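Note: the block below is structure.cif and it holds mmCIF, C-alpha atoms.
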data_final
#
loop_
_atom_site.label_atom_id
_atom_site.label_comp_id
_atom_site.auth_asym_id
_atom_site.auth_seq_id
_atom_site.Cartn_x
_atom_site.Cartn_y
_atom_site.Cartn_z
CA MET A 178 0.00 0.00 0.00
CA ALA A 179 1.14 3.52 -0.70
CA VAL A 180 2.57 5.51 2.17
CA ARG A 181 -0.23 7.37 3.92
CA GLN A 182 -0.33 11.12 4.08
CA SER A 183 0.58 12.67 7.39
CA ARG A 184 -2.18 14.10 9.56
CA ASN A 185 -2.42 17.73 10.53
CA ARG A 186 -0.74 17.96 13.94
CA SER A 187 -1.15 21.69 14.51
CA ARG A 188 -3.01 21.18 17.77
CA ARG A 189 -0.11 19.40 19.44
CA PRO A 190 2.98 21.11 20.87
CA ALA A 191 5.48 21.43 18.04
CA GLY A 192 8.01 23.91 19.41
CA VAL A 193 8.73 26.92 21.60
CA ALA A 194 10.61 29.16 19.20
CA ALA A 195 7.79 31.72 19.25
CA ALA A 196 8.52 32.45 22.90
CA VAL A 197 11.85 34.02 21.96
CA ALA A 198 10.09 36.84 20.11
CA LEU A 199 7.29 37.24 22.64
CA ALA A 200 8.78 40.13 24.60
CA ALA A 201 9.33 42.22 21.50
CA LEU A 202 5.83 41.48 20.25
CA VAL A 203 4.22 42.47 23.54
CA ALA A 204 6.21 45.70 23.67
CA ALA A 205 5.10 46.64 20.17
CA ALA A 206 1.45 45.73 20.71
CA GLY A 207 0.70 48.07 23.60
CA PRO A 208 -1.04 47.11 26.85
CA THR A 209 -2.35 43.55 26.89
CA VAL A 210 -4.28 41.22 29.11
CA ALA A 211 -4.45 37.46 29.22
CA ALA A 212 -7.78 36.00 28.13
CA GLU A 213 -8.63 33.06 30.35
CA PRO A 214 -10.01 30.06 28.43
CA THR A 215 -13.65 29.36 29.18
CA PRO A 216 -14.57 25.71 29.80
CA PRO A 217 -17.42 24.17 27.83
CA ALA A 218 -20.88 25.02 29.10
CA PRO A 219 -22.41 22.16 31.10
CA ALA A 220 -24.65 19.97 29.01
CA PRO A 221 -28.31 19.96 30.07
CA ALA A 222 -29.53 16.93 31.94
CA VAL A 223 -31.09 14.93 29.13
CA PRO A 224 -31.69 11.23 28.61
CA ALA A 225 -29.35 9.34 26.34
CA PRO A 226 -30.02 10.23 22.71
CA GLY A 227 -31.91 7.43 21.06
CA ALA A 228 -31.89 3.90 22.42
CA PRO A 229 -28.74 3.41 24.53
CA ALA A 230 -26.47 0.61 23.45
CA LYS A 231 -26.09 -2.36 25.80
CA LYS A 232 -22.96 -2.16 27.89
CA PRO A 233 -20.33 -4.86 27.47
CA ALA A 234 -19.55 -6.98 30.53
CA VAL A 235 -16.07 -5.43 30.70
CA THR A 236 -15.94 -1.76 29.80
CA PRO A 237 -12.65 -0.59 28.26
CA ALA A 238 -11.15 2.50 29.87
CA PHE A 239 -11.54 5.45 27.53
CA GLY A 240 -10.87 9.14 27.22
CA ALA A 241 -9.97 11.68 24.57
CA TYR A 242 -7.10 13.87 23.52
CA LEU A 243 -8.60 17.34 24.14
CA ASP A 244 -5.54 19.60 24.35
CA TYR A 245 -1.93 19.04 25.39
CA GLY A 246 -1.89 21.43 28.37
CA PRO A 247 -4.11 22.35 31.35
CA ARG A 248 -7.00 23.15 29.02
CA GLY A 249 -7.07 19.48 28.06
CA VAL A 250 -7.46 18.53 31.72
CA ALA A 251 -10.21 21.12 32.26
CA ARG A 252 -12.18 19.97 29.22
CA MET A 253 -12.45 16.38 30.46
CA ALA A 254 -15.22 17.35 32.88
CA GLY A 255 -17.19 18.99 30.08
CA LEU A 256 -16.86 15.94 27.84
CA SER A 257 -17.99 13.71 30.70
CA ARG A 258 -21.12 15.83 31.27
CA TRP A 259 -21.90 15.77 27.53
CA LEU A 260 -21.70 11.97 27.69
CA GLY A 261 -24.21 11.76 30.54
CA ASP A 262 -21.54 11.75 33.25
CA ALA A 263 -19.71 8.86 31.60
CA GLU A 264 -16.50 8.04 33.40
CA LEU A 265 -13.42 9.24 31.52
CA ARG A 266 -10.64 7.29 33.20
CA VAL A 267 -7.90 8.13 30.69
CA GLY A 268 -6.03 11.41 30.35
CA HIS A 269 -3.77 11.68 27.30
CA THR A 270 -1.17 14.25 26.27
CA TYR A 271 2.11 14.59 24.35
CA LEU A 272 5.54 15.85 25.34
CA PRO A 273 6.80 18.49 22.90
CA GLY A 274 9.48 17.03 20.66
CA ASP A 275 11.21 20.29 19.81
CA ARG A 276 14.14 20.05 22.25
CA TRP A 277 15.53 17.66 24.83
CA SER A 278 14.63 19.89 27.78
CA ASN A 279 10.94 19.46 26.94
CA ILE A 280 11.25 15.72 26.34
CA GLU A 281 12.65 15.52 29.87
CA GLY A 282 9.37 16.98 31.15
CA ALA A 283 9.86 20.73 31.48
CA PRO A 284 8.93 22.26 34.87
CA THR A 285 5.15 22.82 35.28
CA PHE A 286 4.20 21.17 31.96
CA LEU A 287 3.01 17.91 33.52
CA ASP A 288 1.75 19.31 36.82
CA ALA A 289 -1.93 19.62 35.89
CA TRP A 290 -2.00 16.11 34.44
CA ALA A 291 -0.33 14.65 37.51
CA ASP A 292 -2.84 16.41 39.76
CA TRP A 293 -5.75 14.98 37.71
CA ARG A 294 -4.28 11.46 37.78
CA THR A 295 -3.69 11.37 41.54
CA ARG A 296 -7.20 12.51 42.47
CA LYS A 297 -8.66 9.03 41.78
CA ALA A 298 -6.86 5.71 42.15
CA ASP A 299 -8.36 4.10 39.01
CA ARG A 300 -7.36 6.83 36.58
CA MET A 301 -4.76 6.29 33.87
CA PHE A 302 -2.30 8.85 32.52
CA VAL A 303 -1.07 8.23 28.97
CA LEU A 304 1.95 10.23 27.79
CA ASN A 305 3.38 10.18 24.26
CA VAL A 306 7.17 10.46 24.49
CA PRO A 307 9.30 11.45 21.48
CA MET A 308 12.56 9.54 21.10
CA MET A 309 14.34 12.46 19.42
CA GLU A 310 14.39 16.23 19.58
CA ARG A 311 13.47 18.18 16.41
CA ASN A 312 10.93 15.41 16.05
CA GLU A 313 8.69 17.09 13.45
CA GLU A 314 11.28 19.08 11.51
CA GLY A 315 11.62 16.85 8.44
CA VAL A 316 15.08 15.52 9.29
CA GLY A 317 16.49 13.44 6.44
CA ASP A 318 17.06 9.68 6.51
CA ASP A 319 20.86 9.89 6.72
CA GLU A 320 20.74 12.12 9.78
CA VAL A 321 17.99 10.01 11.36
CA ARG A 322 20.14 6.92 10.86
CA ALA A 323 23.08 8.61 12.58
CA LEU A 324 20.88 9.79 15.46
CA LEU A 325 19.41 6.33 15.98
CA ARG A 326 22.89 4.86 16.21
CA ARG A 327 23.91 7.51 18.75
CA GLY A 328 20.82 6.65 20.76
CA ALA A 329 21.57 2.93 20.54
CA ALA A 330 25.04 3.67 21.92
CA GLY A 331 23.52 5.35 25.00
CA GLU A 332 24.23 8.99 24.18
CA PHE A 333 20.68 10.12 25.05
CA ASP A 334 20.02 7.93 28.08
CA HIS A 335 20.25 10.79 30.56
CA HIS A 336 17.28 12.62 29.02
CA PHE A 337 14.99 9.67 29.64
CA ARG A 338 16.36 9.14 33.13
CA ALA A 339 15.43 12.75 33.86
CA LEU A 340 11.90 12.20 32.54
CA ALA A 341 11.46 9.06 34.66
CA GLU A 342 12.64 10.91 37.77
CA ARG A 343 10.28 13.77 36.98
CA LEU A 344 7.25 11.46 36.69
CA VAL A 345 8.11 9.67 39.93
CA GLU A 346 8.54 13.03 41.66
CA LEU A 347 5.06 14.05 40.45
CA LYS A 348 3.63 10.83 41.96
CA VAL A 349 2.61 9.39 38.59
CA PRO A 350 5.05 6.46 38.47
CA ASP A 351 2.47 4.23 36.73
CA THR A 352 2.22 6.41 33.62
CA VAL A 353 1.64 4.60 30.31
CA LEU A 354 4.41 5.80 27.98
CA VAL A 355 3.66 5.72 24.25
CA LEU A 356 7.30 5.79 23.23
CA GLY A 357 8.30 6.64 19.65
CA TRP A 358 4.75 6.34 18.29
CA GLU A 359 4.03 5.80 14.58
CA MET A 360 7.60 4.74 14.04
CA ASN A 361 6.60 2.89 10.85
CA GLY A 362 5.80 6.16 9.03
CA ILE A 363 7.79 9.09 7.68
CA THR A 364 6.53 11.97 9.84
CA TYR A 365 8.87 11.83 12.82
CA THR A 366 12.59 12.02 13.43
CA HIS A 367 12.10 9.03 15.76
CA ARG A 368 10.99 6.86 12.83
CA CYS A 369 12.30 3.33 12.47
CA GLY A 370 12.76 2.95 8.70
CA PRO A 371 16.28 4.35 8.22
CA ASP A 372 17.79 1.75 10.60
CA PRO A 373 15.37 -0.73 12.25
CA GLU A 374 18.08 -2.56 14.21
CA ALA A 375 19.44 0.65 15.72
CA TRP A 376 15.88 1.77 16.48
CA LYS A 377 15.11 -1.42 18.39
CA THR A 378 18.34 -1.20 20.37
CA TYR A 379 17.62 2.44 21.18
CA TRP A 380 14.08 1.56 22.38
CA LYS A 381 15.52 -1.11 24.67
CA ARG A 382 18.05 1.35 26.13
CA ILE A 383 15.33 3.91 26.86
CA VAL A 384 13.07 1.37 28.57
CA THR A 385 15.95 -0.12 30.58
CA THR A 386 17.08 3.35 31.65
CA MET A 387 13.61 4.45 32.78
CA ARG A 388 12.86 1.18 34.57
CA ALA A 389 16.06 1.59 36.59
CA VAL A 390 14.70 4.70 38.34
CA PRO A 391 13.54 3.85 41.89
CA GLY A 392 9.78 3.93 42.42
CA GLN A 393 8.77 3.61 38.77
CA LYS A 394 5.90 1.38 37.61
CA PHE A 395 5.81 2.49 33.98
CA ARG A 396 4.14 0.58 31.16
CA PHE A 397 5.61 1.00 27.68
CA ASP A 398 3.23 1.07 24.73
CA PHE A 399 4.60 0.17 21.27
CA THR A 400 2.21 1.97 18.90
CA PRO A 401 2.59 2.00 15.10
CA SER A 402 0.08 3.51 12.69
CA ARG A 403 -2.36 1.09 11.09
CA GLY A 404 -1.25 -0.62 7.89
CA ARG A 405 2.14 -0.97 6.32
CA ASP A 406 2.91 2.75 5.98
CA ALA A 407 6.61 3.31 5.08
CA VAL A 408 7.82 0.01 6.57
CA PRO A 409 6.05 -2.98 8.14
CA TRP A 410 5.66 -2.14 11.83
CA THR A 411 6.55 -5.69 12.80
CA THR A 412 10.08 -4.92 11.54
CA CYS A 413 10.39 -2.38 14.35
CA TYR A 414 9.09 -4.51 17.24
CA PRO A 415 11.83 -4.45 19.90
CA GLY A 416 10.84 -7.61 21.78
CA ASP A 417 8.51 -8.73 24.55
CA GLU A 418 10.86 -7.91 27.44
CA THR A 419 10.63 -4.15 26.88
CA VAL A 420 7.02 -3.87 25.63
CA ASP A 421 3.99 -3.98 27.95
CA ILE A 422 1.20 -2.96 25.55
CA ILE A 423 0.93 -3.18 21.76
CA GLY A 424 -1.05 -0.21 20.52
CA MET A 425 -2.22 1.06 17.16
CA ASP A 426 -3.10 4.55 15.88
CA SER A 427 -6.02 3.96 13.54
CA TYR A 428 -7.77 6.77 11.66
CA ASP A 429 -10.45 6.45 8.98
CA GLN A 430 -8.11 6.54 5.99
CA PRO A 431 -7.11 6.32 3.18
CA ARG A 432 -9.98 7.78 1.19
CA GLY A 433 -12.50 5.17 0.09
CA MET A 434 -11.28 2.38 2.39
CA LYS A 435 -14.18 0.62 4.13
CA PHE A 436 -13.90 -0.54 7.71
CA ASP A 437 -13.75 -4.20 6.70
CA GLU A 438 -10.68 -3.38 4.60
CA GLN A 439 -9.10 -1.60 7.56
CA VAL A 440 -9.56 -4.82 9.50
CA LYS A 441 -8.20 -7.16 6.82
CA GLU A 442 -5.43 -5.11 5.20
CA PRO A 443 -1.80 -6.18 5.74
CA TYR A 444 -0.66 -4.91 9.16
CA GLY A 445 -4.22 -3.74 9.82
CA LEU A 446 -6.58 -4.07 12.77
CA GLN A 447 -6.84 -7.86 12.70
CA ALA A 448 -3.10 -8.31 12.24
CA HIS A 449 -2.59 -6.04 15.25
CA VAL A 450 -4.75 -8.05 17.66
CA ASP A 451 -3.35 -11.33 16.32
CA PHE A 452 0.24 -10.12 16.80
CA ALA A 453 -0.52 -8.95 20.35
CA LYS A 454 -2.16 -12.27 21.22
CA LYS A 455 0.81 -14.20 19.85
CA HIS A 456 3.13 -12.16 22.07
CA GLY A 457 0.89 -12.30 25.14
CA LYS A 458 0.31 -8.54 25.24
CA PRO A 459 -2.86 -6.45 25.64
CA VAL A 460 -3.78 -3.90 22.95
CA SER A 461 -4.55 -0.18 23.01
CA TYR A 462 -5.72 2.57 20.65
CA PRO A 463 -3.95 5.78 21.74
CA GLU A 464 -5.12 7.69 18.64
CA TRP A 465 -8.20 7.02 16.55
CA GLY A 466 -10.89 9.01 14.83
CA LEU A 467 -12.35 10.23 11.57
CA PHE A 468 -10.21 11.51 8.74
CA ARG A 469 -10.21 11.23 4.96
CA ASN A 470 -13.71 9.77 4.61
CA GLY A 471 -15.37 12.69 6.36
CA ASP A 472 -18.39 12.33 8.63
CA ASN A 473 -18.49 8.53 8.50
CA ALA A 474 -21.03 7.21 11.00
CA GLU A 475 -20.40 3.62 9.88
CA TYR A 476 -16.70 3.92 10.75
CA MET A 477 -17.58 5.38 14.15
CA ARG A 478 -20.06 2.60 14.94
CA ARG A 479 -17.73 -0.17 13.76
CA MET A 480 -14.63 1.19 15.51
CA LEU A 481 -16.47 1.50 18.83
CA ALA A 482 -17.80 -2.05 18.40
CA TRP A 483 -14.29 -3.30 17.53
CA MET A 484 -12.90 -1.87 20.75
CA ASP A 485 -15.74 -3.28 22.85
CA GLU A 486 -14.99 -6.69 21.33
CA HIS A 487 -11.22 -6.63 21.75
CA LYS A 488 -11.11 -4.85 25.14
CA PRO A 489 -8.01 -2.66 24.88
CA VAL A 490 -6.25 -1.41 27.98
CA TYR A 491 -7.51 2.03 26.91
CA ASN A 492 -8.56 4.09 23.93
CA THR A 493 -8.48 7.86 23.38
CA VAL A 494 -10.24 9.47 20.42
CA THR A 495 -8.40 12.43 18.89
CA ASP A 496 -10.99 15.13 19.52
CA TYR A 497 -10.28 18.01 17.19
CA CYS A 498 -11.26 18.58 13.57
CA PRO A 499 -11.21 16.67 11.30
CA HIS A 500 -10.93 13.64 13.60
CA GLY A 501 -13.18 14.40 16.53
CA VAL A 502 -16.74 14.57 17.79
CA TRP A 503 -17.19 16.85 20.78
CA GLN A 504 -14.91 19.74 19.83
CA CYS A 505 -15.61 19.46 16.09
CA ASP A 506 -19.00 20.33 14.58
CA ASP A 507 -18.04 19.00 11.12
CA ASN A 508 -19.11 15.43 11.94
CA PRO A 509 -22.70 15.51 13.29
CA ARG A 510 -23.69 11.95 12.28
CA SER A 511 -20.56 10.40 13.75
CA THR A 512 -20.93 12.58 16.83
CA ALA A 513 -24.46 11.23 17.38
CA VAL A 514 -23.19 7.65 17.16
CA TYR A 515 -20.28 8.27 19.54
CA ARG A 516 -22.54 9.93 22.09
CA SER A 517 -25.24 7.28 21.77
CA VAL A 518 -22.82 4.38 22.38
CA LEU A 519 -20.87 5.94 25.26
CA PHE A 520 -23.63 7.93 26.99
CA GLY A 521 -23.57 7.22 30.72
CA ARG A 522 -20.89 4.51 30.44
CA THR A 523 -19.01 3.62 33.62
CA ASP A 524 -16.80 0.75 34.67
CA GLU A 525 -19.74 -1.25 35.97
CA PRO A 526 -22.01 -3.30 33.68
CA ALA A 527 -25.73 -2.73 33.98
CA PRO A 528 -27.22 -5.13 36.57
CA GLY A 529 -28.65 -8.24 34.93
CA THR A 530 -27.52 -7.19 31.46
CA PRO A 531 -26.01 -10.18 29.59
CA GLU A 532 -22.92 -9.63 27.51
CA PRO A 533 -24.11 -8.97 23.95
CA THR A 534 -22.80 -11.01 21.07
CA ALA A 535 -22.48 -7.78 19.09
CA PRO A 536 -22.87 -4.14 20.14
CA ALA A 537 -26.34 -2.84 19.44
CA THR A 538 -26.72 -0.58 16.44
CA PRO A 539 -28.08 2.74 17.71
CA THR A 540 -31.28 4.03 16.23
CA THR A 541 -31.00 7.36 14.50
CA PRO A 542 -30.74 9.77 17.43
CA PRO A 543 -31.24 13.51 17.28
CA VAL A 544 -27.94 15.16 16.47
CA PRO A 545 -26.65 16.64 19.74
CA ALA A 546 -25.29 20.13 19.77
CA VAL A 547 -21.52 20.14 20.10
CA PRO A 548 -20.50 22.62 22.81
CA GLU A 549 -18.27 25.47 21.86
CA THR A 550 -14.86 25.15 23.51
CA THR A 551 -13.01 28.03 21.89
CA PRO A 552 -11.63 30.41 24.55
CA ARG A 553 -13.35 33.81 24.42
CA PRO A 554 -11.32 37.02 24.89
CA PRO A 555 -12.59 39.73 27.24
CA ALA A 556 -14.79 42.45 25.75
CA GLY A 557 -12.80 45.10 23.93
CA CYS A 558 -9.83 42.84 23.30
CA SER A 559 -8.40 41.67 20.01
CA PRO A 560 -6.76 38.22 20.44
CA LEU A 561 -3.17 37.75 19.27
CA GLU A 562 -2.44 34.44 17.54
CA LEU A 563 0.81 33.31 19.18
CA GLY A 564 0.31 29.56 18.91
CA ASP A 565 -0.84 26.93 21.40
CA TRP A 566 2.56 26.45 23.06
CA VAL A 567 2.98 30.13 23.96
CA GLU A 568 -0.67 30.31 25.08
CA TYR A 569 -0.06 27.37 27.41
CA TRP A 570 2.77 29.13 29.22
CA LEU A 571 0.68 32.34 29.41
CA GLY A 572 -2.34 30.48 30.78
CA GLY A 573 -4.58 31.61 27.90
CA LYS A 574 -4.67 33.76 24.82
CA LEU A 575 -2.96 37.13 24.81
CA CYS A 576 -5.07 39.99 23.52
CA MET A 577 -4.59 43.70 22.90
CA ARG A 578 -7.21 46.10 24.27
CA LEU A 579 -8.76 48.19 21.53
CA ASP A 580 -9.51 51.10 23.89
CA TRP A 581 -6.09 51.43 25.54
CA TYR A 582 -5.33 54.76 23.91
CA SER A 583 -8.48 56.38 25.33
CA ARG A 584 -7.80 55.53 28.97
CA ASP A 585 -5.07 58.16 29.21
CA GLU A 586 -7.25 60.95 27.84
#
Whole structure given in structure tokens:
Amino acid sequence: MAVRQSRNRSRRPAGVAAAVALAALVAAAGPTVAAEPTPPAPAPAVPAPGAPAKKPAVTPAFGAYLDYGPRGVARMAGLSRWLGDAELRVGHTYLPGDRWSNIEGAPTFLDAWADWRTRKADRMFVLNVPMMERNEEGVGDDEVRALLRRGAAGEFDHHFRALAERLVELKVPDTVLVLGWEMNGITYTHRCGPDPEAWKTYWKRIVTTMRAVPGQKFRFDFTPSRGRDAVPWTTCYPGDETVDIIGMDSYDQPRGMKFDEQVKEPYGLQAHVDFAKKHGKPVSYPEWGLFRNGDNAEYMRRMLAWMDEHKPVYNTVTDYCPHGVWQCDDNPRSTAVYRSVLFGRTDEPAPGTPEPTAPATPTTPPVPAVPETTPRPPAGCSPLELGDWVEYWLGGKLCMRLDWYSRDE
């Protein structure tokens, strides 16, 4: 199969270079104030849309990627309310891959996530960890090959030791680490293709280094993208001793591919669960959602049913356009299916409800309104677009007051 096109990753942290110019920009813009992000409005207390699907006997832990910083944590409560107070046990974010200091877990970046995780014992924190800095800068194969060999030789061990110590310090030693995700593609500097043997050795060094930190209980999730992509993901598998979970990022692509084909294709969904079973590992779906086939309610229904059948350790839908449901109003039919299936879901099965042989197909429910989650600036302010990473460190958008000149008159 042809190599798949990369997804738009603009909503994830990609770098902090904009911060260097921030002081000059603020000085030139005049007086400013920080616009605090507003959380989604609480959903009204309504019954589940349409006929609720029967709950499986064992409910997979689920959540959503809602934002990489504190706003992602804050939005989880809104998504839960929208789903009829369904229990979102999984929080998911990404370390920025721009520089090593951020891969180590920069001060304050993980604090809000750690606080959320430690509030309830059964919660799960999932953290995507880049294996290289400059991870989305289009580094060429020759340089990637050289970097992988340096990593395999232990040159970067200290960065991952620092991250492990940081997570233990924050009292989240049981974090699930999605290390070097989608390594079978071409998007990332931490890709496997230029030197699979060096990549596998490097993975093993990272895991060994992090497991050596006192107090850790980490689980390491090996997560390729679905299908062959640039190289077969099985070529990159580093071995059972350093892998705890075998994940798969699975979006509704390429264009025109039906769900049955996504199941049966080489290195597809069925191959994934078969490979995990052969190796005695549970599965996960750290990233999934709509994509090149638009508002595809059939994909949404089938993917949710697939996960109920195969009981992953966790799944987290990528909830921004074009992939998502709650924070994206481009997919109303898929949104209705997602909400119908997960409305009110908790860890406990309904009393006396037998395990279904197949998830029930929801009747056509009314399309629920998707709450607006865009932060609103204060009245009289014009927001400055500085990028998500700068906004995170500021605690919200920066805006310039339109009436600042008149206050001195």
Open item on the list: Just checking: using all atoms listed in the file, which residue out of A:Met360, A:Ala238, A:Thr412, A:Gly404 ends up closest to Glu374 of chain A?
Closed with: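 Checking each candidate against Glu374 of chain A, we get A:Thr412 as the closest.
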- [ ] Could you state which residues are captured by the PyMOL selection byres ((chain A and resi 452) around 12) in this file, as a list in words?
- [x]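 Taken over the shown coordinates, the PyMOL selection byres ((chain A and resi 452) around 12) returns Trp410, Thr411, Tyr414, Gly416, Asp417, Ile422, Ile423, Gly424, Met425, Pro443, Tyr444, Gly445, Leu446, Gln447, Ala448, His449, Val450, Asp451, Ala453, Lys454, Lys455, His456, Gly457, Lys458, Pro459 and Val460 of chain A.
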Task: Hits of the PyMOL selection byres ((chain A and resi 490-501) around 10) in this structure, as a PyMOL selection string - done: chain A and resi 184-185+188+236-244+265-269+301+303+422-429+459-472+481+484+487-489+502-508+511-512+515
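Proximity of A:Thr366, A:Ala323, A:Arg382, A:Pro284 to Arg311 of chain A, computed with only C-alpha atoms, is greatest for A:Thr366.
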Task: Which of A:Phe395, A:Trp259, A:Phe436, A:Phe286 sits closest to Val345 of chain A [using only C-alpha atoms] - done: A:Phe395
Draw an axis-aligned box tight on the listed atoms of segment 282-293 of chain A, then pad every side by 5 Å and write out centre and edge lengths in Å to one decimal as lines of an AutoDock Vina configuration file.
center_x = 2.1
center_y = 18.7
center_z = 35.5
size_x = 25.6
size_y = 18.2
size_z = 18.6
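Ranking A:Leu344, A:Met309, A:Val518, A:Leu356 by their shortest atom-to-atom distance to Arg294 of chain A, with only C-alpha atoms included, puts A:Leu344 first.
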TODO: List the residues matched by the PyMOL selection byres ((chain A and resi 346) around 12) in the displayed structure as a ChimeraX atom specification, ordered by chain and then by residue number.
DONE: /A:282,284,287-288,291,339-345,347-351,390-393
Open item on the list: Residues near segment 329-331 of chain A, anyone? I mean within 9 Å using only C-alpha atoms, not counting same-chain ones fewer than 3 positions away, as a list of chain:residue names.
Closed with: A:Leu324, A:Leu325, A:Arg326, A:Asp334, A:His335, A:Ala375, A:Trp376, A:Lys377, A:Thr378, A:Tyr379, A:Trp380, A:Lys381, A:Arg382, A:Ile383
TODO: Work out how far apart atom CA of Gly249 of chain A and atom CA of Trp293 of chain A are and give it in Å to one decimal.
DONE: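 Separating atom CA of Gly249 of chain A from atom CA of Trp293 of chain A is a distance of 10.7 Å.
Closest approach to Arg322 of chain A among A:Ile363, A:Trp277, A:Asp372, A:Phe337 is made by A:Asp372 (distances from all atoms listed in the file).
Computed from the coordinates, the atom CA of His367 of chain A to atom CA of Asp398 of chain A distance equals 14.9 Å.
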- [ ] Could you tell me how far atom CA of Asp292 of chain A lies from atom CA of Asn305 of chain A, in Å and to one decimal?
- [x]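 Taking atom CA of Asp292 of chain A and atom CA of Asn305 of chain A, their separation equals 17.8 Å.
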Task: Closest of A:Pro307, A:Glu281, A:Pro371, A:Thr295 to Asp319 of chain A - atom-to-atom distances counting all atoms listed in the file - done: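 Of the candidates, the smallest distance to Asp319 of chain A is held by A:Pro371.
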